[in-house]
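S.K.: So I've got this file, my_file-v5.cif, and it contains mmCIF, C-alpha atoms, pLDDT in the B column; chains and numbers go by the auth columns:
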data_coords
#
loop_
_atom_site.group_PDB
_atom_site.id
_atom_site.type_symbol
_atom_site.label_atom_id
_atom_site.label_comp_id
_atom_site.label_asym_id
_atom_site.label_seq_id
_atom_site.Cartn_x
_atom_site.Cartn_y
_atom_site.Cartn_z
_atom_site.B_iso_or_equiv
_atom_site.auth_seq_id
_atom_site.auth_asym_id
ATOM 1 C CA ILE A 1 -18.037 0.098 -3.104 81.00 1 A
ATOM 2 C CA GLU A 2 -21.289 0.221 -5.058 90.00 2 A
ATOM 3 C CA GLY A 3 -20.884 3.966 -5.649 91.00 3 A
ATOM 4 C CA VAL A 4 -17.292 3.593 -6.845 87.00 4 A
ATOM 5 C CA ASP A 5 -18.332 0.730 -9.132 90.00 5 A
ATOM 6 C CA PHE A 6 -21.116 2.875 -10.613 95.00 6 A
ATOM 7 C CA CYS A 7 -18.797 5.866 -11.194 93.00 7 A
ATOM 8 C CA VAL A 8 -16.071 3.772 -12.823 91.00 8 A
ATOM 9 C CA GLY A 9 -18.782 2.229 -15.027 94.00 9 A
ATOM 10 C CA GLU A 10 -19.911 5.704 -16.097 96.00 10 A
ATOM 11 C CA ILE A 11 -16.333 6.684 -16.966 94.00 11 A
ATOM 12 C CA LEU A 12 -15.848 3.500 -19.008 94.00 12 A
ATOM 13 C CA LYS A 13 -19.156 4.091 -20.791 96.00 13 A
ATOM 14 C CA GLU A 14 -18.110 7.640 -21.713 97.00 14 A
ATOM 15 C CA LEU A 15 -14.716 6.423 -22.962 96.00 15 A
ATOM 16 C CA ARG A 16 -16.446 3.861 -25.196 96.00 16 A
ATOM 17 C CA GLU A 17 -18.896 6.476 -26.520 97.00 17 A
ATOM 18 C CA ARG A 18 -16.004 8.779 -27.389 97.00 18 A
ATOM 19 C CA GLN A 19 -14.048 5.851 -28.880 96.00 19 A
ATOM 20 C CA LEU A 20 -11.204 6.404 -26.420 96.00 20 A
ATOM 21 C CA ALA A 21 -11.443 3.139 -24.479 93.00 21 A
ATOM 22 C CA GLY A 22 -8.875 1.375 -26.659 92.00 22 A
ATOM 23 C CA ASN A 23 -6.048 3.761 -25.808 89.00 23 A
ATOM 24 C CA THR A 24 -6.901 4.972 -22.293 93.00 24 A
ATOM 25 C CA VAL A 25 -5.107 3.418 -19.348 92.00 25 A
ATOM 26 C CA ILE A 26 -7.031 3.538 -16.088 91.00 26 A
ATOM 27 C CA VAL A 27 -5.175 3.538 -12.771 90.00 27 A
ATOM 28 C CA PHE A 28 -7.392 3.002 -9.735 88.00 28 A
ATOM 29 C CA THR A 29 -6.136 3.486 -6.220 87.00 29 A
ATOM 30 C CA SER A 30 -7.367 5.165 -3.081 83.00 30 A
ATOM 31 C CA ASP A 31 -6.386 6.599 0.247 79.00 31 A
ATOM 32 C CA ASN A 32 -5.007 4.228 2.866 76.00 32 A
ATOM 33 C CA GLY A 33 -7.328 2.058 4.908 75.00 33 A
ATOM 34 C CA HIS A 34 -9.154 2.971 8.076 76.00 34 A
ATOM 35 C CA PHE A 35 -9.160 0.966 11.299 77.00 35 A
ATOM 36 C CA ALA A 36 -12.522 -0.013 12.758 76.00 36 A
ATOM 37 C CA ALA A 37 -11.166 -1.325 16.095 77.00 37 A
ATOM 38 C CA GLU A 38 -8.735 -3.823 14.527 80.00 38 A
ATOM 39 C CA HIS A 39 -5.691 -4.103 16.811 78.00 39 A
ATOM 40 C CA GLY A 40 -7.541 -1.765 19.180 77.00 40 A
ATOM 41 C CA PHE A 41 -7.162 1.231 16.845 74.00 41 A
ATOM 42 C CA PHE A 42 -9.513 3.629 15.147 72.00 42 A
ATOM 43 C CA GLY A 43 -8.438 5.896 12.309 73.00 43 A
ATOM 44 C CA LYS A 44 -5.500 5.396 9.997 75.00 44 A
ATOM 45 C CA TRP A 45 -1.824 6.349 9.707 75.00 45 A
ATOM 46 C CA LEU A 46 -0.370 3.183 11.206 81.00 46 A
ATOM 47 C CA MET A 47 1.607 0.302 9.740 84.00 47 A
ATOM 48 C CA HIS A 48 -0.811 -2.576 10.302 86.00 48 A
ATOM 49 C CA GLU A 49 -2.260 -4.043 7.111 86.00 49 A
ATOM 50 C CA GLU A 50 -5.753 -2.615 7.620 84.00 50 A
ATOM 51 C CA SER A 51 -4.338 0.905 7.440 83.00 51 A
ATOM 52 C CA LEU A 52 -1.322 0.356 5.225 84.00 52 A
ATOM 53 C CA ARG A 53 -2.789 -1.466 2.245 82.00 53 A
ATOM 54 C CA VAL A 54 -4.621 0.261 -0.584 82.00 54 A
ATOM 55 C CA PRO A 55 -6.111 -1.050 -3.798 83.00 55 A
ATOM 56 C CA MET A 56 -3.993 -0.620 -6.920 86.00 56 A
ATOM 57 C CA ILE A 57 -5.552 -1.614 -10.226 89.00 57 A
ATOM 58 C CA VAL A 58 -4.031 -0.794 -13.606 90.00 58 A
ATOM 59 C CA CYS A 59 -6.225 -1.422 -16.636 89.00 59 A
ATOM 60 C CA ASP A 60 -4.281 -1.126 -19.882 90.00 60 A
ATOM 61 C CA PRO A 61 -6.378 -2.013 -22.958 91.00 61 A
ATOM 62 C CA ARG A 62 -3.182 -2.759 -24.903 87.00 62 A
ATOM 63 C CA VAL A 63 -2.447 -5.792 -22.707 87.00 63 A
ATOM 64 C CA PRO A 64 -3.530 -8.926 -24.606 88.00 64 A
ATOM 65 C CA ALA A 65 -6.935 -10.228 -23.472 88.00 65 A
ATOM 66 C CA GLY A 66 -5.432 -13.493 -22.175 86.00 66 A
ATOM 67 C CA GLN A 67 -3.131 -11.577 -19.822 86.00 67 A
ATOM 68 C CA ARG A 68 -5.740 -9.269 -18.290 87.00 68 A
ATOM 69 C CA GLY A 69 -7.046 -9.712 -14.766 89.00 69 A
ATOM 70 C CA GLN A 70 -3.780 -11.024 -13.368 90.00 70 A
ATOM 71 C CA VAL A 71 -2.651 -10.275 -9.831 89.00 71 A
ATOM 72 C CA SER A 72 0.916 -9.516 -8.841 88.00 72 A
ATOM 73 C CA PRO A 73 2.297 -10.248 -5.361 85.00 73 A
ATOM 74 C CA ALA A 74 4.728 -7.331 -5.749 89.00 74 A
ATOM 75 C CA LEU A 75 4.763 -4.453 -3.297 89.00 75 A
ATOM 76 C CA ALA A 76 3.534 -1.249 -4.931 89.00 76 A
ATOM 77 C CA LEU A 77 3.539 2.173 -3.282 90.00 77 A
ATOM 78 C CA ASN A 78 1.758 5.430 -3.971 88.00 78 A
ATOM 79 C CA ILE A 79 5.122 6.906 -5.015 92.00 79 A
ATOM 80 C CA ASP A 80 5.027 4.462 -7.958 93.00 80 A
ATOM 81 C CA VAL A 81 1.971 6.103 -9.546 93.00 81 A
ATOM 82 C CA ALA A 82 3.794 9.134 -11.006 95.00 82 A
ATOM 83 C CA PRO A 83 6.645 7.140 -12.624 96.00 83 A
ATOM 84 C CA THR A 84 4.026 4.738 -14.043 94.00 84 A
ATOM 85 C CA VAL A 85 1.969 7.539 -15.571 94.00 85 A
ATOM 86 C CA LEU A 86 5.108 9.216 -16.934 96.00 86 A
ATOM 87 C CA GLU A 87 6.214 5.985 -18.617 95.00 87 A
ATOM 88 C CA LEU A 88 2.726 5.533 -20.076 92.00 88 A
ATOM 89 C CA ALA A 89 3.081 9.040 -21.542 92.00 89 A
ATOM 90 C CA GLY A 90 6.458 8.126 -23.035 93.00 90 A
ATOM 91 C CA GLN A 91 8.397 10.249 -20.574 95.00 91 A
ATOM 92 C CA ALA A 92 11.222 9.271 -18.250 94.00 92 A
ATOM 93 C CA ALA A 93 10.769 9.944 -14.558 95.00 93 A
ATOM 94 C CA PRO A 94 13.277 12.502 -13.224 96.00 94 A
ATOM 95 C CA ALA A 95 16.199 10.899 -11.418 94.00 95 A
ATOM 96 C CA THR A 96 15.211 12.749 -8.251 95.00 96 A
ATOM 97 C CA MET A 97 11.717 11.214 -8.229 94.00 97 A
ATOM 98 C CA GLN A 98 11.100 8.399 -5.810 92.00 98 A
ATOM 99 C CA GLY A 99 9.153 5.361 -6.932 93.00 99 A
ATOM 100 C CA ARG A 100 9.330 3.152 -9.980 93.00 100 A
ATOM 101 C CA SER A 101 7.088 2.386 -12.886 94.00 101 A
ATOM 102 C CA LEU A 102 4.651 -0.484 -12.358 93.00 102 A
ATOM 103 C CA LEU A 103 4.371 -1.214 -16.093 91.00 103 A
ATOM 104 C CA PRO A 104 6.747 -4.199 -15.940 92.00 104 A
ATOM 105 C CA LEU A 105 4.294 -5.762 -13.455 91.00 105 A
ATOM 106 C CA VAL A 106 1.315 -4.930 -15.676 88.00 106 A
ATOM 107 C CA ARG A 107 2.995 -6.761 -18.553 87.00 107 A
ATOM 108 C CA ASP A 108 4.222 -9.643 -16.380 89.00 108 A
ATOM 109 C CA PRO A 109 2.856 -9.970 -12.812 88.00 109 A
ATOM 110 C CA ALA A 110 5.742 -12.304 -11.955 89.00 110 A
ATOM 111 C CA ALA A 111 8.370 -9.688 -12.902 91.00 111 A
ATOM 112 C CA PRO A 112 10.731 -8.749 -10.083 88.00 112 A
ATOM 113 C CA GLY A 113 9.457 -5.838 -8.055 88.00 113 A
ATOM 114 C CA ARG A 114 10.209 -4.053 -4.843 90.00 114 A
ATOM 115 C CA GLU A 115 11.336 -6.412 -2.078 90.00 115 A
ATOM 116 C CA GLU A 116 10.838 -4.066 0.858 93.00 116 A
ATOM 117 C CA PHE A 117 9.993 -0.544 1.867 94.00 117 A
ATOM 118 C CA PHE A 118 10.548 1.740 4.823 95.00 118 A
ATOM 119 C CA TYR A 119 7.552 3.298 6.556 93.00 119 A
ATOM 120 C CA GLU A 120 7.420 6.227 8.928 92.00 120 A
ATOM 121 C CA HIS A 121 4.771 8.294 10.610 89.00 121 A
ATOM 122 C CA LEU A 122 6.567 10.857 12.726 87.00 122 A
ATOM 123 C CA PHE A 123 3.834 13.455 13.193 80.00 123 A
ATOM 124 C CA ARG A 124 3.166 14.127 16.856 73.00 124 A
ATOM 125 C CA ASN A 125 -0.405 15.276 17.324 68.00 125 A
ATOM 126 C CA ALA A 126 -0.332 18.480 19.367 65.00 126 A
ATOM 127 C CA ASP A 127 -3.609 17.648 21.107 63.00 127 A
ATOM 128 C CA GLY A 128 -2.010 14.788 23.021 57.00 128 A
ATOM 129 C CA PRO A 129 -3.837 11.788 24.486 58.00 129 A
ATOM 130 C CA PRO A 130 -6.409 10.432 23.854 56.00 130 A
ATOM 131 C CA ASP A 131 -6.195 11.858 20.319 60.00 131 A
ATOM 132 C CA ARG A 132 -2.477 11.252 20.004 69.00 132 A
ATOM 133 C CA ILE A 133 -1.196 9.382 16.980 76.00 133 A
ATOM 134 C CA GLU A 134 1.819 7.428 18.163 82.00 134 A
ATOM 135 C CA PRO A 135 4.935 8.082 16.042 89.00 135 A
ATOM 136 C CA SER A 136 6.175 4.888 14.428 92.00 136 A
ATOM 137 C CA GLU A 137 8.445 3.553 11.745 95.00 137 A
ATOM 138 C CA GLY A 138 9.135 0.172 10.300 96.00 138 A
ATOM 139 C CA VAL A 139 10.073 -2.077 7.415 97.00 139 A
ATOM 140 C CA ARG A 140 7.678 -4.187 5.336 96.00 140 A
ATOM 141 C CA THR A 141 8.837 -7.027 3.126 95.00 141 A
ATOM 142 C CA ARG A 142 6.626 -9.453 1.258 91.00 142 A
ATOM 143 C CA ASP A 143 6.782 -11.899 4.180 94.00 143 A
ATOM 144 C CA TRP A 144 7.665 -9.852 7.261 96.00 144 A
ATOM 145 C CA LYS A 145 6.783 -6.633 9.021 96.00 145 A
ATOM 146 C CA TYR A 146 8.743 -4.863 11.756 97.00 146 A
ATOM 147 C CA ILE A 147 7.283 -1.843 13.599 96.00 147 A
ATOM 148 C CA VAL A 148 8.905 0.426 16.196 96.00 148 A
ATOM 149 C CA TRP A 149 6.737 2.728 18.323 93.00 149 A
ATOM 150 C CA ILE A 150 9.262 5.510 18.803 92.00 150 A
ATOM 151 C CA ASP A 151 7.956 6.954 22.088 89.00 151 A
ATOM 152 C CA GLN A 152 7.122 3.619 23.736 88.00 152 A
ATOM 153 C CA PRO A 153 9.459 2.063 26.321 88.00 153 A
ATOM 154 C CA GLY A 154 9.950 -1.645 26.984 87.00 154 A
ATOM 155 C CA PRO A 155 8.727 -4.661 25.060 84.00 155 A
ATOM 156 C CA ALA A 156 5.618 -2.843 23.735 86.00 156 A
ATOM 157 C CA ARG A 157 8.024 -0.706 21.671 93.00 157 A
ATOM 158 C CA GLU A 158 8.481 -3.322 18.917 95.00 158 A
ATOM 159 C CA GLU A 159 6.256 -5.535 16.810 95.00 159 A
ATOM 160 C CA LEU A 160 7.353 -8.255 14.392 97.00 160 A
ATOM 161 C CA TYR A 161 4.989 -10.308 12.235 97.00 161 A
ATOM 162 C CA ASP A 162 5.504 -13.297 9.951 97.00 162 A
ATOM 163 C CA LEU A 163 2.942 -12.361 7.301 96.00 163 A
ATOM 164 C CA ARG A 164 3.117 -15.748 5.555 95.00 164 A
ATOM 165 C CA HIS A 165 1.791 -17.516 8.634 97.00 165 A
ATOM 166 C CA ASP A 166 0.034 -14.619 10.361 96.00 166 A
ATOM 167 C CA PRO A 167 -1.442 -12.298 7.692 94.00 167 A
ATOM 168 C CA CYS A 168 -3.818 -10.711 10.240 93.00 168 A
ATOM 169 C CA GLU A 169 -0.865 -9.753 12.496 94.00 169 A
ATOM 170 C CA MET A 170 -2.214 -11.396 15.614 94.00 170 A
ATOM 171 C CA LYS A 171 1.035 -12.878 17.013 96.00 171 A
ATOM 172 C CA ASN A 172 3.746 -10.339 17.775 96.00 172 A
ATOM 173 C CA LEU A 173 7.095 -12.163 17.486 97.00 173 A
ATOM 174 C CA ALA A 174 9.289 -9.257 18.611 95.00 174 A
ATOM 175 C CA THR A 175 10.092 -10.824 21.990 93.00 175 A
ATOM 176 C CA ASP A 176 10.193 -14.409 20.661 94.00 176 A
ATOM 177 C CA THR A 177 13.831 -15.531 20.777 91.00 177 A
ATOM 178 C CA ALA A 178 13.183 -17.947 17.907 91.00 178 A
ATOM 179 C CA ALA A 179 12.332 -14.971 15.665 87.00 179 A
ATOM 180 C CA GLN A 180 15.476 -12.980 16.454 83.00 180 A
#
The structure given in the file should be rewritten as structure tokens.

M.R.:
Amino acid sequence: IEGVDFCVGEILKELRERQLAGNTVIVFTSDNGHFAAEHGFFGKWLMHEESLRVPMIVCDPRVPAGQRGQVSPALALNIDVAPTVLELAGQAAPATMQGRSLLPLVRDPAAPGREEFFYEHLFRNADGPPDRIEPSEGVRTRDWKYIVWIDQPGPAREELYDLRHDPCEMKNLATDTAAQ
């Protein structure tokens, strides 16, 4: 984190020195997260929050000072970066491009955004166990997450989490009849 902070600081310093800071939008994001034994996993590629979530920061100097630093609860995806950059450049995203511009959320963090998204990781590692990455797919909404482990039989095949009450995904509700 310290290294990233230093590098971003150097970029901002250079933009100020070149008098470009007032009309340069900075979009900061990264690769997906990496498990460090959470949920018994190591690595990435899976749908739990530790692996799924990434930082997404948009710094637009044209946003009034009183509106800067706001946080939006909207779901943003990496496929939204290209349409956002295209809109910033005054260009329309091609109709065939997935994703949507995040600029409405930059201007108003309470603006309506994506309500859900579909996730899939279908790659079957040829090396097999113990290095196998289990194929999975699922749906994530603001409040809920549903995961299906495609090759798994029985009750371990599904996971369901109420993210409002269980943001760390510790209580799998998939077999709970009250959650059906």

S.K.: How close does each residue of segment 13-102 of chain A get to segment 148-153 of chain A, giving the shortest atom pair and distance in Å to one decimal for every residue with an atom at most 12 Å away, counting all atoms listed in the file, sorted by chain and residue number, as a tab-separated table?

M.R.:
residue	atom	partner	partner_atom	distance
A:Leu46	CA	A:Trp149	CA	10.1
A:Met47	CA	A:Val148	CA	9.7
A:His48	CA	A:Val148	CA	11.8

S.K.: Evaluate the PyMOL selection byres ((chain A and resi 141) around 8) and record the selected residues as an MDAnalysis selection string, following the chain and residue labels used in the document.

M.R.: chainID A and resid 115:117 139:140 142:145

S.K.: Could those selected residues go to a file with C-alpha atoms, as a CSV table (one decimal), in the frame of the given file?

M.R.:
chain,number,residue,atom,x,y,z
A,115,GLU,CA,11.3,-6.4,-2.1
A,116,GLU,CA,10.8,-4.1,0.9
A,117,PHE,CA,10.0,-0.5,1.9
A,139,VAL,CA,10.1,-2.1,7.4
A,140,ARG,CA,7.7,-4.2,5.3
A,142,ARG,CA,6.6,-9.5,1.3
A,143,ASP,CA,6.8,-11.9,4.2
A,144,TRP,CA,7.7,-9.9,7.3
A,145,LYS,CA,6.8,-6.6,9.0

S.K.: Could you tell me which of A:Gly138, A:Gly90, A:Gly40, A:Gly9 comes closest to Phe118 of chain A if we count all atoms listed in the file?

M.R.: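 So, comparing all the options, the nearest one is A:Gly138.
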
S.K.: List the residues selected by the PyMOL selection byres ((chain A and resi 172) around 6) in the file shown, writing them as a VMD selection string.

M.R.: chain A and resid 159 to 161 171 173 to 174

S.K.: Nearest to Gly43 of chain A: which of A:Leu163, A:Leu20, A:Met56, A:Ile133 is it, counting all atoms listed in the file?

M.R.: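 Of A:Leu163, A:Leu20, A:Met56, A:Ile133, the one nearest Gly43 of chain A, counting all atoms listed in the file, is A:Ile133.
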
S.K.: Using the chain letters and numbers from this file, what does the PyMOL selection byres ((chain A and resi 24) around 9) select? Give the answer as a list of chain:residue names.

M.R.: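 After applying the PyMOL selection byres ((chain A and resi 24) around 9), what remains is A:Leu15, A:Leu20, A:Ala21, A:Gly22, A:Asn23, A:Val25, A:Ile26, A:Cys59, A:Asp60, A:Pro61, A:Arg62.
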
S.K.: What does the file look like for those residues with C-alpha atoms, as a PDB file, in the coordinates of the input?

M.R.:
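Generated file (again.pdb):
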ATOM      1  CA  LEU A  15     -14.716   6.423 -22.962  1.00 96.00           C
ATOM      2  CA  LEU A  20     -11.204   6.404 -26.420  1.00 96.00           C
ATOM      3  CA  ALA A  21     -11.443   3.139 -24.479  1.00 93.00           C
ATOM      4  CA  GLY A  22      -8.875   1.375 -26.659  1.00 92.00           C
ATOM      5  CA  ASN A  23      -6.048   3.761 -25.808  1.00 89.00           C
ATOM      6  CA  VAL A  25      -5.107   3.418 -19.348  1.00 92.00           C
ATOM      7  CA  ILE A  26      -7.031   3.538 -16.088  1.00 91.00           C
ATOM      8  CA  CYS A  59      -6.225  -1.422 -16.636  1.00 89.00           C
ATOM      9  CA  ASP A  60      -4.281  -1.126 -19.882  1.00 90.00           C
ATOM     10  CA  PRO A  61      -6.378  -2.013 -22.958  1.00 91.00           C
ATOM     11  CA  ARG A  62      -3.182  -2.759 -24.903  1.00 87.00           C
TER      12      ARG A  62
END

S.K.: Return as JSON the centre and edge lengths, in Å with one decimal, of the box along x, y and z that encloses every atom of segment 44-49 of chain A in the file, padded by 6 Å per side.

M.R.:
{"center_x": -1.9, "center_y": 1.2, "center_z": 9.2, "size_x": 19.1, "size_y": 22.4, "size_z": 16.1}

S.K.: To one decimal place, how far is atom CA of Gly113 of chain A from atom CA of Met170 of chain A in Å?

M.R.: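 Interatomic distance, atom CA of Gly113 of chain A to atom CA of Met170 of chain A: 27.0 Å.
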
S.K.: Would you mind reading off the distance between atom CA of Glu137 of chain A and atom CA of Arg157 of chain A, one decimal, in Å?

M.R.: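 So the two atoms, atom CA of Glu137 of chain A and atom CA of Arg157 of chain A, lie 10.8 Å apart.
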
S.K.: Enter the distance from atom CA of Leu75 of chain A to atom CA of Phe35 of chain A, in Å, rounded to one decimal.

M.R.: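 We find that atom CA of Leu75 of chain A and atom CA of Phe35 of chain A lie 20.9 Å from each other.
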
S.K.: Of the residues A:Ala36, A:Asp80, A:Arg107, A:Pro94, which is the one nearest to Ala65 of chain A, using all atoms listed in the file?

M.R.: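 Comparing A:Ala36, A:Asp80, A:Arg107, A:Pro94 against Ala65 of chain A, the winner is A:Arg107.
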
S.K.: Which residues are close to segment 5-7 of chain A, i.e. within 12 Å by all atoms listed in the file, leaving aside same-chain residues fewer than 6 positions away? Reply as a ChimeraX atom specification.

M.R.: /A:13-14,28

S.K.: Compare A:Pro109, A:Pro83, A:Pro167, A:Pro135 by their minimum atom-to-atom distance to Gly69 of chain A, counting only C-alpha atoms, and give me the closest one.

M.R.: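 Using only C-alpha atoms, the shortest distance to Gly69 of chain A belongs to A:Pro109.
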
S.K.: With distances taken over all atoms listed in the file, which of A:Ile147, A:Val27, A:Leu12, A:Ala93 is nearest to Glu169 of chain A?

M.R.: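 Among the listed residues, the smallest separation from Glu169 of chain A belongs to A:Ile147.
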